[in-house]
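Visitor: What follows is a structure written as structure tokens; I'll ask about it next.
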Amino acid sequence: MRRYTFKRYGFVLRKLFLRSYHPTFITNNLDDIASSLQIFSVMTAVTSIISLLFVDSLVRTKEASFWIAFFRISSLAICFMVYLLAKRGIKRYKKNILGITSLVLIGLVALYIPMMVFDNPNHAYYLFGSAIVIAGASILLWLEPIRICILSLIYISVFIPLHLNFSRIQGFDRYFFYQDVLIVSFLLAFGIVANFLINYWRFEEYRVKEKLHITVGKLLRINQKIEDLSRVDSMTELFNRRHLLEQFDLYKKRSHREGFVIGLVILDLDKLKTINDRYGHKQGDIAIQAFAKTLKSRTRITDIAARIGGDEFCLLVSPIDKEGLQILTESIREKMEELQIPIYNNPNESLTLTVSIGGTLFHPEDDPSFDELYHKIDTALYTSKNEGRNRITLLEM
């Protein structure tokens with residue numbers, strides 16, 4: 001139980017402190033990262049200017065004053081460059097923006113070391129100033145907790161010994177030294193905790209958005225699948241009557257606009273009931289599927305092949321002329337007449353199946369409804385049936 005608890009806490013710590021930003025997370029929040037860099041650079045620049053005018057006025061020698069002013073101006077130059085980077089060129093460096101930000105922060109903090117050296121009587125000002133820069137960066141900048149923790153440890157290992165050394169030079173007072181260390185530790189701890197909480201909220205928002213995006217994507221795919229299923233016949237994978245009717249109206253509009261001829265064909269399998277009665281409905285389904293494959297193999301990508309019920313099928317073809325419609329329907333009839341359909345419970349035997357066809361053409365100036373056209377073609381289909389089946393009857397329009 002204790003081992004499990006340690007593992008669990010270890011996992012949580014790794015998840016919270018060692019987690020790095022995902023590239024898509026940075027890309028999605030690049031504008032906010034740029035804004036935080038601008039705010040941080042402006043605030044740091046203002047702090048440097050105030051320190052240059054007031055705090056650094058306490059410097060006692062001209063040489064020290066010169067060098068401290070030089071380092072203050074250097075920090076202002078860094079802030080100005082960071083501001084321009086965030087304002088104009090952050091997208092160019094988005095892959096390495098966190099590394100650049102970390103280096104800038106280290107550079108700004110490192111400038112306080114020579115200032116402490118040149119103005120060691122007032123070294124406490126620079127100690128607190130550098131700690132405030134780290135705490136401000138922890139809150140404002142988009143940096144992972146592990147980076148802030150490492151920077152804080154480096155800061156403590158460098159600045160506290162310097163502070164102790166200069167405190168001894170100026171006259172060591174244990175009370176004031178530990179008070180300064182306590183204040184600095186509080187600032188760093190405050191920055192780490194704030195960074196941790198802010199990053200937690202940022203990641204939570206990111207995770208919620210990612211989950212929402214994934215869920216919406218799944219729903220869209222499911223809706224598309226449902227939409228596709230609602231337009232496709234599940235047995236034959238041809239379109240169904242609903243899709244055929246929708247496409248019929250669209251084809252008519254295109255025909256009026258572009259001036260091409262459209263063909264509508266009804267196909268009915270001959271004596272499918274005999275097959276069902278003799279071999280069972282499963283064999284009838286196999287026969288229907290075989291015909292559907294034949295129909296697909298003989299139609300173009302621009303044509304609509306649909307099963308409109310039972311053993312009845314329909315073709316909507318365009319553009320086409322009378323000769324082309326005759327060739328198309330004859331090729332379907334011949335292919336079906338020659339096709340050997342295996343019997344599912346007796347692989348050594350097969351059967352043949354024929355199809356009766358009725359069809360017509362209508363021109364751009366015509367404006368028939370589907371039901372009107374279907375009724376006329378149905379008459380042609382029954383003519384093919386009555387004349388002995390396995391025939392084609394095309395009406396003149």
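Residue numbering restarts at 1 for every chain of the structure tokens, chains are lettered A, B, ... in their displayed order, and ligands are numbered from 1 as they appear.
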Taking a cut-off of 10 Å and counting only C-alpha atoms, can you build a table that, for each residue of stretch 116-145 of chain A near stretch 35-53 of chain A, reports the nearest atom pair and how far apart they are in Å (one decimal), sorted by chain then residue number, as JSON lines?
Guide:
```
{"residue": "A:Tyr125", "atom": "CA", "partner": "A:Ser51", "partner_atom": "CA", "distance": 9.3}
{"residue": "A:Tyr126", "atom": "CA", "partner": "A:Ser51", "partner_atom": "CA", "distance": 9.6}
{"residue": "A:Gly129", "atom": "CA", "partner": "A:Thr47", "partner_atom": "CA", "distance": 8.8}
{"residue": "A:Ile132", "atom": "CA", "partner": "A:Thr44", "partner_atom": "CA", "distance": 9.8}
{"residue": "A:Val133", "atom": "CA", "partner": "A:Thr44", "partner_atom": "CA", "distance": 7.3}
{"residue": "A:Gly136", "atom": "CA", "partner": "A:Phe40", "partner_atom": "CA", "distance": 7.6}
{"residue": "A:Ala137", "atom": "CA", "partner": "A:Phe40", "partner_atom": "CA", "distance": 7.0}
{"residue": "A:Ile139", "atom": "CA", "partner": "A:Ser36", "partner_atom": "CA", "distance": 9.5}
{"residue": "A:Leu140", "atom": "CA", "partner": "A:Ser36", "partner_atom": "CA", "distance": 5.7}
{"residue": "A:Leu141", "atom": "CA", "partner": "A:Ser36", "partner_atom": "CA", "distance": 5.6}
{"residue": "A:Trp142", "atom": "CA", "partner": "A:Ser36", "partner_atom": "CA", "distance": 7.5}
```
Visitor: Would you list the contacts of A:Leu328 as a PDB file with C-alpha atoms, in the first residue's frame, taking every protein, DNA or RNA residue within 12 Å and counting only C-alpha atoms, but skipping same-chain residues closer than 2 positions in sequence?
Guide:
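What follows is the written file out-v9.pdb:
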```
ATOM      1  CA  GLY A 263     -31.022   9.204 -69.394  1.00  0.00           C
ATOM      2  CA  LEU A 264     -33.190   7.400 -66.828  1.00  0.00           C
ATOM      3  CA  VAL A 265     -33.284   3.585 -66.842  1.00  0.00           C
ATOM      4  CA  THR A 294     -22.327  -5.771 -62.693  1.00  0.00           C
ATOM      5  CA  LEU A 295     -24.224  -2.481 -62.635  1.00  0.00           C
ATOM      6  CA  LYS A 296     -21.307  -0.720 -60.914  1.00  0.00           C
ATOM      7  CA  SER A 297     -18.815  -2.085 -63.409  1.00  0.00           C
ATOM      8  CA  ARG A 298     -20.812  -0.706 -66.343  1.00  0.00           C
ATOM      9  CA  THR A 299     -21.500   2.830 -65.044  1.00  0.00           C
ATOM     10  CA  ARG A 300     -19.332   5.938 -64.945  1.00  0.00           C
ATOM     11  CA  ASP A 303     -23.777   8.173 -63.131  1.00  0.00           C
ATOM     12  CA  LEU A 315     -29.813   4.311 -63.447  1.00  0.00           C
ATOM     13  CA  LEU A 316     -29.499   8.094 -63.816  1.00  0.00           C
ATOM     14  CA  VAL A 317     -26.888   8.818 -66.496  1.00  0.00           C
ATOM     15  CA  SER A 318     -25.613  12.065 -68.009  1.00  0.00           C
ATOM     16  CA  ILE A 320     -25.700  10.734 -72.887  1.00  0.00           C
ATOM     17  CA  ASP A 321     -27.461  10.332 -76.232  1.00  0.00           C
ATOM     18  CA  LYS A 322     -29.789   7.636 -77.617  1.00  0.00           C
ATOM     19  CA  GLU A 323     -26.959   5.562 -79.068  1.00  0.00           C
ATOM     20  CA  GLY A 324     -24.950   5.770 -75.859  1.00  0.00           C
ATOM     21  CA  LEU A 325     -27.952   4.732 -73.765  1.00  0.00           C
ATOM     22  CA  GLN A 326     -28.565   1.783 -76.100  1.00  0.00           C
ATOM     23  CA  GLU A 330     -27.150  -3.646 -73.903  1.00  0.00           C
ATOM     24  CA  SER A 331     -23.766  -4.112 -72.215  1.00  0.00           C
ATOM     25  CA  ILE A 332     -25.514  -4.556 -68.840  1.00  0.00           C
ATOM     26  CA  ARG A 333     -28.006  -7.035 -70.333  1.00  0.00           C
ATOM     27  CA  GLU A 334     -25.289  -9.069 -72.067  1.00  0.00           C
ATOM     28  CA  LYS A 335     -23.018  -9.109 -69.039  1.00  0.00           C
ATOM     29  CA  ILE A 357     -34.757  -2.971 -68.986  1.00  0.00           C
ATOM     30  CA  GLY A 359     -35.448   3.577 -70.278  1.00  0.00           C
ATOM     31  CA  ILE A 392     -34.524  -3.554 -73.612  1.00  0.00           C
ATOM     32  CA  LEU A 394     -36.354   2.610 -74.820  1.00  0.00           C
TER      33      LEU A 394
END
```
Visitor: Considering only C-alpha atoms, state which residue in the set A:Thr379, A:Ser102, A:Asn122, A:Ser152 is at the smallest distance from A:Ser167.
Guide: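 Result for the nearest residue to A:Ser167: A:Asn122.
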Visitor: So how many Å separate atom CA of A:Phe190 and atom CA of A:Glu204, to one decimal?
Guide: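 Atom CA of A:Glu204 lies at a distance of 21.0 Å from atom CA of A:Phe190.
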Visitor: So how far away is atom CA of A:Asp371 from atom CA of A:Glu396, in Å?
Guide: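 A separation of 17.2 Å between them.
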Visitor: What's the 12 Å shell around A:Gly388, counting only C-alpha atoms, without same-chain residues fewer than 5 positions away, as a list in words?
Guide: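 Using only C-alpha atoms, the neighbours found are Asp270, Lys271, Thr354, Val355, Ser356, Ile357, Leu381, Tyr382, Thr383 and Thr393 of chain A.
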Visitor: Write out as a PDB file with N, CA and C atoms, in the first residue's frame the residues lying within 12 Å of A:Pro121, counting only C-alpha atoms and excluding same-chain residues fewer than 2 positions away.
Guide:
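Result written to around15.pdb:
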```
ATOM      1  N   ASP A  56      19.894  53.211  -7.986  1.00  0.00           N
ATOM      2  CA  ASP A  56      21.293  53.288  -8.373  1.00  0.00           C
ATOM      3  C   ASP A  56      21.916  54.646  -8.046  1.00  0.00           C
ATOM      4  N   LEU A  58      22.208  55.682  -5.230  1.00  0.00           N
ATOM      5  CA  LEU A  58      22.910  55.475  -3.963  1.00  0.00           C
ATOM      6  C   LEU A  58      24.340  54.983  -4.158  1.00  0.00           C
ATOM      7  N   VAL A  59      24.725  54.709  -5.403  1.00  0.00           N
ATOM      8  CA  VAL A  59      26.071  54.220  -5.696  1.00  0.00           C
ATOM      9  C   VAL A  59      27.086  55.295  -5.309  1.00  0.00           C
ATOM     10  N   ARG A  60      28.194  54.889  -4.687  1.00  0.00           N
ATOM     11  CA  ARG A  60      29.086  55.842  -4.061  1.00  0.00           C
ATOM     12  C   ARG A  60      30.253  56.277  -4.934  1.00  0.00           C
ATOM     13  N   THR A  61      30.633  55.463  -5.937  1.00  0.00           N
ATOM     14  CA  THR A  61      31.781  55.834  -6.775  1.00  0.00           C
ATOM     15  C   THR A  61      31.333  56.027  -8.218  1.00  0.00           C
ATOM     16  N   ALA A  64      31.706  52.699 -10.344  1.00  0.00           N
ATOM     17  CA  ALA A  64      30.609  51.769 -10.096  1.00  0.00           C
ATOM     18  C   ALA A  64      29.321  52.276 -10.713  1.00  0.00           C
ATOM     19  N   MET A 115      26.207  44.015 -10.951  1.00  0.00           N
ATOM     20  CA  MET A 115      25.700  45.184 -10.226  1.00  0.00           C
ATOM     21  C   MET A 115      25.901  45.014  -8.725  1.00  0.00           C
ATOM     22  N   MET A 116      25.718  43.783  -8.224  1.00  0.00           N
ATOM     23  CA  MET A 116      25.984  43.511  -6.809  1.00  0.00           C
ATOM     24  C   MET A 116      27.462  43.697  -6.496  1.00  0.00           C
ATOM     25  N   VAL A 117      28.315  43.297  -7.441  1.00  0.00           N
ATOM     26  CA  VAL A 117      29.764  43.405  -7.227  1.00  0.00           C
ATOM     27  C   VAL A 117      30.206  44.865  -7.179  1.00  0.00           C
ATOM     28  N   PHE A 118      29.719  45.683  -8.138  1.00  0.00           N
ATOM     29  CA  PHE A 118      30.145  47.080  -8.203  1.00  0.00           C
ATOM     30  C   PHE A 118      29.485  47.944  -7.124  1.00  0.00           C
ATOM     31  N   ASP A 119      28.363  47.524  -6.629  1.00  0.00           N
ATOM     32  CA  ASP A 119      27.691  48.295  -5.584  1.00  0.00           C
ATOM     33  C   ASP A 119      27.393  47.385  -4.392  1.00  0.00           C
ATOM     34  N   HIS A 123      23.978  45.735  -1.927  1.00  0.00           N
ATOM     35  CA  HIS A 123      23.761  44.474  -2.642  1.00  0.00           C
ATOM     36  C   HIS A 123      22.364  43.893  -2.390  1.00  0.00           C
ATOM     37  N   ALA A 124      21.713  44.223  -1.253  1.00  0.00           N
ATOM     38  CA  ALA A 124      20.387  43.687  -0.943  1.00  0.00           C
ATOM     39  C   ALA A 124      19.350  44.152  -1.966  1.00  0.00           C
ATOM     40  N   TYR A 125      19.502  45.392  -2.502  1.00  0.00           N
ATOM     41  CA  TYR A 125      18.559  45.877  -3.518  1.00  0.00           C
ATOM     42  C   TYR A 125      18.579  44.970  -4.764  1.00  0.00           C
ATOM     43  N   TYR A 126      19.781  44.597  -5.166  1.00  0.00           N
ATOM     44  CA  TYR A 126      19.918  43.785  -6.381  1.00  0.00           C
ATOM     45  C   TYR A 126      19.493  42.341  -6.115  1.00  0.00           C
ATOM     46  N   LEU A 127      19.696  41.902  -4.883  1.00  0.00           N
ATOM     47  CA  LEU A 127      19.225  40.570  -4.506  1.00  0.00           C
ATOM     48  C   LEU A 127      17.707  40.490  -4.637  1.00  0.00           C
ATOM     49  N   HIS A 163      25.452  37.227  -1.517  1.00  0.00           N
ATOM     50  CA  HIS A 163      24.843  38.042  -0.463  1.00  0.00           C
ATOM     51  C   HIS A 163      25.549  37.817   0.878  1.00  0.00           C
ATOM     52  N   ASN A 165      28.662  36.806   1.287  1.00  0.00           N
ATOM     53  CA  ASN A 165      30.010  37.361   1.196  1.00  0.00           C
ATOM     54  C   ASN A 165      30.004  38.875   1.417  1.00  0.00           C
ATOM     55  N   PHE A 166      29.082  39.574   0.721  1.00  0.00           N
ATOM     56  CA  PHE A 166      29.041  41.033   0.858  1.00  0.00           C
ATOM     57  C   PHE A 166      28.502  41.448   2.216  1.00  0.00           C
ATOM     58  N   SER A 167      27.659  40.618   2.824  1.00  0.00           N
ATOM     59  CA  SER A 167      27.171  40.912   4.170  1.00  0.00           C
ATOM     60  C   SER A 167      28.325  40.866   5.168  1.00  0.00           C
ATOM     61  N   ARG A 168      29.239  39.909   4.991  1.00  0.00           N
ATOM     62  CA  ARG A 168      30.400  39.826   5.879  1.00  0.00           C
ATOM     63  C   ARG A 168      31.342  41.007   5.677  1.00  0.00           C
ATOM     64  N   ILE A 169      31.490  41.439   4.426  1.00  0.00           N
ATOM     65  CA  ILE A 169      32.350  42.601   4.152  1.00  0.00           C
ATOM     66  C   ILE A 169      31.792  43.851   4.826  1.00  0.00           C
ATOM     67  N   GLN A 170      30.457  44.013   4.735  1.00  0.00           N
ATOM     68  CA  GLN A 170      29.830  45.202   5.286  1.00  0.00           C
ATOM     69  C   GLN A 170      29.598  45.098   6.789  1.00  0.00           C
ATOM     70  N   GLY A 171      29.830  43.940   7.331  1.00  0.00           N
ATOM     71  CA  GLY A 171      29.552  43.725   8.748  1.00  0.00           C
ATOM     72  C   GLY A 171      28.373  42.786   8.892  1.00  0.00           C
ATOM     73  N   PHE A 172      28.655  41.534   9.178  1.00  0.00           N
ATOM     74  CA  PHE A 172      27.631  40.486   9.147  1.00  0.00           C
ATOM     75  C   PHE A 172      26.649  40.646  10.297  1.00  0.00           C
TER      76      PHE A 172
END
```
Visitor: Could you tell me how far atom CA of A:Lys95 lies from atom CA of A:Ile26, in Å and to one decimal?
Guide: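 Atom-to-atom, atom CA of A:Lys95 and atom CA of A:Ile26 are spaced 8.3 Å apart.
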Visitor: Just list as a ChimeraX atom specification whatever in stretch 183-301 of chain A DSSP marks as strand (DSSP E or B).
Guide: /A:232,239,262-269
Visitor: From stretch 93-272 of chain A, collect each residue whose DSSP state is alpha helix (DSSP H) and return the set as an NGL selection string.
Guide: :A and (97-110 or 112-118 or 123-140 or 145-170 or 174-231 or 241-258 or 272)
Visitor: Find the residues around A:Asn29 up to 12 Å (only C-alpha atoms counted), leave out those fewer than 4 positions away in its own chain, and share them as a PDB file with C-alpha atoms, in the first residue's frame.
Guide:
```
ATOM      1  CA  TYR A  21       4.316  22.033 -23.478  1.00  0.00           C
ATOM      2  CA  HIS A  22       3.061  20.197 -26.535  1.00  0.00           C
ATOM      3  CA  PRO A  23       3.887  21.926 -29.881  1.00  0.00           C
ATOM      4  CA  THR A  24       0.192  22.271 -30.702  1.00  0.00           C
ATOM      5  CA  PHE A  25      -0.363  23.813 -27.265  1.00  0.00           C
ATOM      6  CA  ILE A  33       2.669  33.937 -25.290  1.00  0.00           C
ATOM      7  CA  ALA A  34       3.562  36.996 -27.369  1.00  0.00           C
ATOM      8  CA  SER A  35       1.358  39.240 -25.196  1.00  0.00           C
ATOM      9  CA  SER A  36       2.951  37.917 -21.996  1.00  0.00           C
ATOM     10  CA  ILE A  90       7.491  35.343 -32.616  1.00  0.00           C
ATOM     11  CA  LYS A  91       5.986  33.061 -35.268  1.00  0.00           C
ATOM     12  CA  LYS A  94       7.731  29.465 -32.226  1.00  0.00           C
ATOM     13  CA  ILE A  97      10.290  30.284 -28.144  1.00  0.00           C
ATOM     14  CA  TRP A 142       4.677  30.842 -20.391  1.00  0.00           C
ATOM     15  CA  ARG A 202      -3.727  26.402 -18.853  1.00  0.00           C
ATOM     16  CA  PHE A 203      -3.365  22.649 -19.329  1.00  0.00           C
ATOM     17  CA  GLU A 205      -8.310  24.452 -20.529  1.00  0.00           C
ATOM     18  CA  TYR A 206      -6.157  22.936 -23.276  1.00  0.00           C
TER      19      TYR A 206
END
```
Visitor: Could you list, as a ChimeraX atom specification, every residue within 10 Å of A:Asn345, counting only C-alpha atoms and ignoring same-chain residues fewer than 6 positions away?
Guide: /A:279,282-283
Visitor: How would the residues just chosen look if you wrote them out with N, CA, C and O atoms as a tab-separated table (two decimals), in the first residue's frame?
Guide:
```
chain	number	residue	atom	x	y	z
A	279	TYR	N	-33.92	-22.01	-54.08
A	279	TYR	CA	-32.65	-22.07	-53.35
A	279	TYR	C	-32.67	-21.33	-52.00
A	279	TYR	O	-31.72	-21.43	-51.23
A	282	LYS	N	-31.34	-16.46	-49.23
A	282	LYS	CA	-29.90	-16.14	-49.22
A	282	LYS	C	-29.33	-16.17	-50.63
A	282	LYS	O	-28.55	-15.29	-51.01
A	283	GLN	N	-29.77	-17.16	-51.43
A	283	GLN	CA	-29.32	-17.22	-52.81
A	283	GLN	C	-29.86	-16.05	-53.61
A	283	GLN	O	-29.18	-15.51	-54.48
```
Visitor: Restricting the calculation to only C-alpha atoms: of A:Ile73, A:Ile266, A:Leu182, A:Met235, which residue gets closest to A:His375?
Guide: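 Closest to A:His375 of all the choices is A:Ile266.
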Visitor: Extract, using only C-alpha atoms, all DNA, RNA and protein residues at most 12 Å from A:Gln289, discarding same-chain residues fewer than 2 positions from it, and format them as a PyMOL selection string.
Guide: chain A and resi 233-238+269+282-287+291-296+307+310-311+313+336+341-342+353
Visitor: Residues of the last selection are to be written out with C-alpha atoms, as a compact mmCIF listing (two decimals), in the first residue's frame.
Guide:
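Okay, again20.txt is ready:
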```
# COMPACT_ATOMS: atom_id res chain seq x y z
CA ASP A 233 -28.51 0.44 -49.72
CA SER A 234 -26.76 -1.80 -47.17
CA MET A 235 -27.06 -5.04 -49.18
CA THR A 236 -25.77 -3.84 -52.55
CA GLU A 237 -23.81 -0.70 -51.53
CA LEU A 238 -25.65 1.13 -54.31
CA LEU A 269 -34.32 -8.93 -62.45
CA LYS A 282 -29.90 -16.14 -49.22
CA GLN A 283 -29.32 -17.22 -52.81
CA GLY A 284 -31.65 -14.45 -53.93
CA ASP A 285 -29.53 -11.94 -51.99
CA ILE A 286 -26.38 -13.30 -53.64
CA ALA A 287 -28.00 -12.84 -57.05
CA PHE A 291 -26.23 -7.82 -60.34
CA ALA A 292 -25.25 -4.74 -58.28
CA LYS A 293 -21.56 -5.41 -58.99
CA THR A 294 -22.33 -5.77 -62.69
CA LEU A 295 -24.22 -2.48 -62.63
CA LYS A 296 -21.31 -0.72 -60.91
CA ARG A 307 -31.62 0.08 -55.78
CA GLY A 310 -36.54 -5.57 -54.01
CA ASP A 311 -35.20 -6.65 -57.39
CA PHE A 313 -32.88 -0.91 -59.86
CA MET A 336 -25.84 -10.30 -66.81
CA ILE A 341 -23.73 -16.95 -60.11
CA PRO A 342 -22.45 -19.66 -57.72
CA LEU A 353 -30.02 -14.55 -64.25
```
